[in-house]
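Following: one structure in structure tokens, then a few remarks.
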Amino acid sequence: MPTLTPPPLSLYVHLPWCVRKCPYCDFNSHQGRGPLPFEAYVDALLADLDHDLPLVWGRTVQTVFFGGGTPSLFPAAAIDRFLQGASARLRIAPGAEITLETNPGTAEHGRFELYRQAGVNRLSFGIQSFDDGCLARLGRIHDSREAESAVKLAQDAGFDNLNIDLMYALPGQDLAMAAHDLQRAFALSPAHVSHYQLTLEPNTVFAARPPDDLPDEDGGWDMQEHCQGLLAAAGYAQYEVSAYAREGRQCAHNLNYWRYGDYLGIGAGAHGKITLGHDESIHRRWKHKHPARYLADAGTDAAIGGDDTVGPERRPFEYMLNALRLVEGFSLASFSARTGLEARAITPQLELATARGWLEEADGRVRPTELGRRFTNDVVALFLPD
């Protein structure tokens, strides 16, 4: 059997509060009511980190990502205190990518400079659309003017590594509107664009009461194809199903997820994946979701919502669920190193997917074809354990 090698390590930090829960959102986010306990939550995060440190002794953190919720609700001083505390506990690589998710409706003049001083060097703006009607139907708290202003404020503060999140196939949206959203984004010259279709996730308001003016499946596919062409023409190369970047500006944190890397997950509802070298095992651990319970229990076993060992029979599916989202695909050597399995463990599935025109293999690398990228879920399903 190949040796299961601990891969690169990232740190994910979940900040769970938002101003208002969006009707399409299925993330662990909670509408803030009254003053938020910023200081207490940072204390809880550091206690949580202390509790998980034995899982990663001696390893270097390559990237840090603050997700939510709305992380930009947190003042820069709170982000700074956490990063200083994390640096005292963990070895963080020089020049590590440190991303903060940002809602344009919470942007304030002067705050971006302070985030930079704290160590944040990448911002991800959840804009979703530059059409005010679409934004209203999505329940967003910002309008298009605020979105553009927030990005420009960040650029004025010295940020040049910016992502803009856009969705398409929105209620009331047509092809021209989806294209116009991208043109508005291009005018701001972000380094990265995340462009993904609105989906109706379970346990959301939209799932319970779907909008009656959603584009149909063919309309959504037309938007995807047309917008992919616009992104390519503007210099944004697709490297993942919904991620496009200028050269050298791919999101290192998300690439680590998609390459089946490791990550510590701290914060309410945060998930982590850790490879333990001493017994060649892979573990997934997650924390309780509700902020009040998390604040009470952080740093103790009571904060752990679950801890699951990923057995060899599940690893091919987990690996493909991530790696087949990438345009680059994966190498068979990487599959073996990250899963501890021989490449022959997936030979039947690779042969079937290749015969169907979904995958192509050359020089030890496996890549999804254009057809395979369209039917990613079907390709991945081939690797489900019996």
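Letters A, B, ... go to the chains of the structure tokens in the order shown; residues in each chain start at 1; ligands are counted from 1 in the same order.
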- Identify, with DSSP run on backbone atoms, the residues in stretch 54-111 of chain A assigned to alpha helix (DSSP H), and express the list as a PyMOL selection string. chain A and resi 76-89+111
- Task: Mind checking which residues fall within 12 Å of A:Gly32, counting only C-alpha atoms, ignoring those fewer than 6 positions away in the same chain, and posting them as a PyMOL selection string?
- Result: chain A and resi 15-21+38+69-70+73-74+291-292
Would you export the selected residues with N, CA, C and O atoms as a short mmCIF file (atom, residue, chain, number, x, y, z; two decimals), in the first residue's frame, please?
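Once written, part-v3.cif looks like this:
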data_model
loop_
_atom_site.label_atom_id
_atom_site.label_comp_id
_atom_site.auth_asym_id
_atom_site.auth_seq_id
_atom_site.Cartn_x
_atom_site.Cartn_y
_atom_site.Cartn_z
N LEU A 15 -17.10 32.71 11.09
CA LEU A 15 -17.68 33.81 11.83
C LEU A 15 -19.17 33.85 11.47
O LEU A 15 -19.53 34.22 10.36
N PRO A 16 -20.06 33.43 12.36
CA PRO A 16 -21.39 32.97 11.95
C PRO A 16 -22.48 34.02 11.79
O PRO A 16 -23.58 33.67 11.35
N TRP A 17 -22.22 35.28 12.14
CA TRP A 17 -23.32 36.24 12.14
C TRP A 17 -23.43 37.00 10.82
O TRP A 17 -22.44 37.21 10.11
N CYS A 18 -24.64 37.43 10.50
CA CYS A 18 -24.88 38.29 9.34
C CYS A 18 -25.94 39.33 9.73
O CYS A 18 -26.59 39.21 10.77
N VAL A 19 -26.08 40.34 8.88
CA VAL A 19 -27.09 41.38 9.14
C VAL A 19 -28.49 40.82 8.93
O VAL A 19 -29.40 41.06 9.72
N ARG A 20 -28.64 40.02 7.85
CA ARG A 20 -29.93 39.43 7.52
C ARG A 20 -29.70 38.15 6.72
O ARG A 20 -28.87 38.13 5.82
N LYS A 21 -30.41 37.11 7.07
CA LYS A 21 -30.27 35.82 6.38
C LYS A 21 -30.90 35.92 4.99
O LYS A 21 -32.08 36.29 4.85
N PHE A 38 -18.00 40.16 19.89
CA PHE A 38 -16.77 39.98 19.13
C PHE A 38 -15.62 39.47 19.99
O PHE A 38 -14.92 38.51 19.63
N GLY A 69 -21.79 33.24 7.26
CA GLY A 69 -21.90 34.52 7.93
C GLY A 69 -21.29 35.66 7.10
O GLY A 69 -21.04 35.58 5.93
N THR A 70 -21.06 36.73 7.80
CA THR A 70 -20.46 37.93 7.23
C THR A 70 -19.24 38.31 8.06
O THR A 70 -19.36 39.07 9.04
N LEU A 73 -18.41 41.87 9.32
CA LEU A 73 -19.05 42.49 10.48
C LEU A 73 -18.06 42.66 11.62
O LEU A 73 -18.22 43.54 12.47
N PHE A 74 -17.03 41.80 11.66
CA PHE A 74 -16.06 41.85 12.75
C PHE A 74 -15.11 43.02 12.54
O PHE A 74 -14.59 43.22 11.43
N PRO A 291 -24.18 29.50 17.65
CA PRO A 291 -23.16 30.33 18.27
C PRO A 291 -23.20 30.32 19.80
O PRO A 291 -22.14 30.32 20.44
N ALA A 292 -24.40 30.34 20.39
CA ALA A 292 -24.47 30.39 21.86
C ALA A 292 -23.86 29.14 22.47
O ALA A 292 -23.10 29.22 23.45
#
- Shell of 10 Å around stretch 225-234 of chain A, only C-alpha atoms, local chain residues under 5 positions omitted, as a list of chain:residue names: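 After dropping sequence-adjacent residues, the list is A:Tyr168, A:Leu175, A:Ala176, A:Ala178, A:Ala179, A:His180, A:Asp181, A:Leu182, A:Gln183, A:Phe186, A:Ser189, A:Val193, A:His195, A:Gly220, A:Ser242, A:Tyr244, A:Ala245, A:Arg246.
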Selected residues written out with N, CA, C and O atoms, as an mmCIF file, in the first residue's frame:
data_model
loop_
_atom_site.group_PDB
_atom_site.id
_atom_site.type_symbol
_atom_site.label_atom_id
_atom_site.label_comp_id
_atom_site.auth_asym_id
_atom_site.auth_seq_id
_atom_site.Cartn_x
_atom_site.Cartn_y
_atom_site.Cartn_z
ATOM 1 N N TYR A 168 -25.701 33.487 -11.332
ATOM 2 C CA TYR A 168 -26.549 33.643 -12.517
ATOM 3 C C TYR A 168 -27.750 32.707 -12.408
ATOM 4 O O TYR A 168 -27.843 31.914 -11.472
ATOM 5 N N LEU A 175 -30.395 36.418 -20.224
ATOM 6 C CA LEU A 175 -29.011 36.286 -20.667
ATOM 7 C C LEU A 175 -28.300 37.639 -20.697
ATOM 8 O O LEU A 175 -27.153 37.762 -20.241
ATOM 9 N N ALA A 176 -28.959 38.658 -21.216
ATOM 10 C CA ALA A 176 -28.331 39.979 -21.307
ATOM 11 C C ALA A 176 -28.001 40.529 -19.921
ATOM 12 O O ALA A 176 -26.948 41.160 -19.723
ATOM 13 N N ALA A 178 -27.335 38.729 -17.186
ATOM 14 C CA ALA A 178 -26.208 37.970 -16.649
ATOM 15 C C ALA A 178 -24.896 38.456 -17.256
ATOM 16 O O ALA A 178 -23.884 38.601 -16.558
ATOM 17 N N ALA A 179 -24.903 38.729 -18.560
ATOM 18 C CA ALA A 179 -23.702 39.239 -19.217
ATOM 19 C C ALA A 179 -23.337 40.621 -18.698
ATOM 20 O O ALA A 179 -22.157 40.944 -18.502
ATOM 21 N N HIS A 180 -24.344 41.455 -18.465
ATOM 22 C CA HIS A 180 -24.098 42.808 -17.967
ATOM 23 C C HIS A 180 -23.463 42.768 -16.581
ATOM 24 O O HIS A 180 -22.591 43.593 -16.260
ATOM 25 N N ASP A 181 -23.878 41.821 -15.749
ATOM 26 C CA ASP A 181 -23.243 41.675 -14.433
ATOM 27 C C ASP A 181 -21.741 41.464 -14.579
ATOM 28 O O ASP A 181 -20.936 42.057 -13.843
ATOM 29 N N LEU A 182 -21.355 40.598 -15.519
ATOM 30 C CA LEU A 182 -19.924 40.350 -15.711
ATOM 31 C C LEU A 182 -19.205 41.592 -16.223
ATOM 32 O O LEU A 182 -18.087 41.892 -15.788
ATOM 33 N N GLN A 183 -19.819 42.314 -17.123
ATOM 34 C CA GLN A 183 -19.176 43.529 -17.644
ATOM 35 C C GLN A 183 -18.946 44.536 -16.525
ATOM 36 O O GLN A 183 -17.908 45.210 -16.482
ATOM 37 N N PHE A 186 -15.948 43.236 -14.645
ATOM 38 C CA PHE A 186 -14.692 43.443 -15.365
ATOM 39 C C PHE A 186 -14.203 44.882 -15.230
ATOM 40 O O PHE A 186 -12.994 45.140 -15.175
ATOM 41 N N SER A 189 -11.837 45.309 -12.446
ATOM 42 C CA SER A 189 -10.560 44.597 -12.573
ATOM 43 C C SER A 189 -10.212 43.723 -11.366
ATOM 44 O O SER A 189 -9.106 43.810 -10.815
ATOM 45 N N VAL A 193 -12.814 35.840 -10.194
ATOM 46 C CA VAL A 193 -14.271 35.889 -10.255
ATOM 47 C C VAL A 193 -14.818 34.496 -9.950
ATOM 48 O O VAL A 193 -14.392 33.508 -10.566
ATOM 49 N N HIS A 195 -18.215 32.458 -10.287
ATOM 50 C CA HIS A 195 -19.427 32.642 -11.092
ATOM 51 C C HIS A 195 -20.201 31.331 -11.056
ATOM 52 O O HIS A 195 -19.784 30.332 -11.629
ATOM 53 N N GLY A 220 -30.554 28.627 -18.019
ATOM 54 C CA GLY A 220 -29.380 28.636 -17.159
ATOM 55 C C GLY A 220 -28.144 28.153 -17.888
ATOM 56 O O GLY A 220 -27.052 28.720 -17.718
ATOM 57 N N SER A 242 -16.622 26.661 -10.975
ATOM 58 C CA SER A 242 -17.195 28.009 -10.883
ATOM 59 C C SER A 242 -16.152 29.079 -10.552
ATOM 60 O O SER A 242 -16.518 30.164 -10.097
ATOM 61 N N TYR A 244 -12.702 31.418 -11.725
ATOM 62 C CA TYR A 244 -11.970 31.970 -12.850
ATOM 63 C C TYR A 244 -10.970 32.984 -12.303
ATOM 64 O O TYR A 244 -11.305 33.778 -11.417
ATOM 65 N N ALA A 245 -9.762 32.979 -12.849
ATOM 66 C CA ALA A 245 -8.743 33.866 -12.279
ATOM 67 C C ALA A 245 -7.789 34.354 -13.358
ATOM 68 O O ALA A 245 -7.553 33.687 -14.375
ATOM 69 N N ARG A 246 -7.236 35.535 -13.111
ATOM 70 C CA ARG A 246 -6.114 35.987 -13.908
ATOM 71 C C ARG A 246 -4.901 35.118 -13.557
ATOM 72 O O ARG A 246 -4.875 34.451 -12.524
#
Write out, as a tab-separated table, each residue of stretch 31-109 of chain A that has an atom at most 10 Å from stretch 157-161 of chain A, together with the closest pair of atoms and their distance in Å to one decimal, counting only C-alpha atoms, rows going by chain and rising number.
residue	atom	partner	partner_atom	distance
A:Glu97	CA	A:Asn161	CA	9.7
A:Thr99	CA	A:Asn161	CA	9.3
A:His109	CA	A:Ala157	CA	9.1
- Quick one: residues within 12 Å of stretch 321-328 of chain A, only C-alpha atoms counted, chain neighbours fewer than 5 positions away excluded, as a PyMOL selection string? chain A and resi 237-244+250+254-261+314-316+334-335+338+350+353+358-362+365-384
- Message: Using only C-alpha atoms, can you tell me which of A:Ser72, A:Gln155, A:Ser281, A:Ser124 comes closest to A:Gly105?
- Response: A:Ser72
- Note on the structure: With distances taken over only C-alpha atoms, the candidate from A:Cys22, A:Ala355, A:Ala96, A:Ile346 nearest A:His142 is A:Cys22
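Among the candidate residues A:Arg89, A:Arg59, A:Arg81, A:Arg249, the one lying nearest to A:Ile274 is A:Arg59, with distances computed using only C-alpha atoms.
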- Show which residues sit within 12 Å of A:Leu83, as a PyMOL selection string. Count only C-alpha atoms, and ignore same-chain residues fewer than 5 positions away. chain A and resi 11-13+42-43+45-46+49+63-66+76-78+88-92+96+98-100+115-120
- Length of the atom CA of A:Ile304 to atom CA of A:Arg285 vector [Å]: 7.2 Å
- Item | Distance of atom CA of A:Cys25 from atom CA of A:Glu146, expressed in Å to one decimal place | 20.8 Å
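For the pair atom CA of A:Pro94 and atom CA of A:Gln62, the interatomic distance is 8.4 Å.
Each of A:Leu4, A:Ala107, A:Ala298, A:Ala40 was checked against A:Asp52 using only C-alpha atoms; the smallest atom-to-atom distance is that of A:Ala298.
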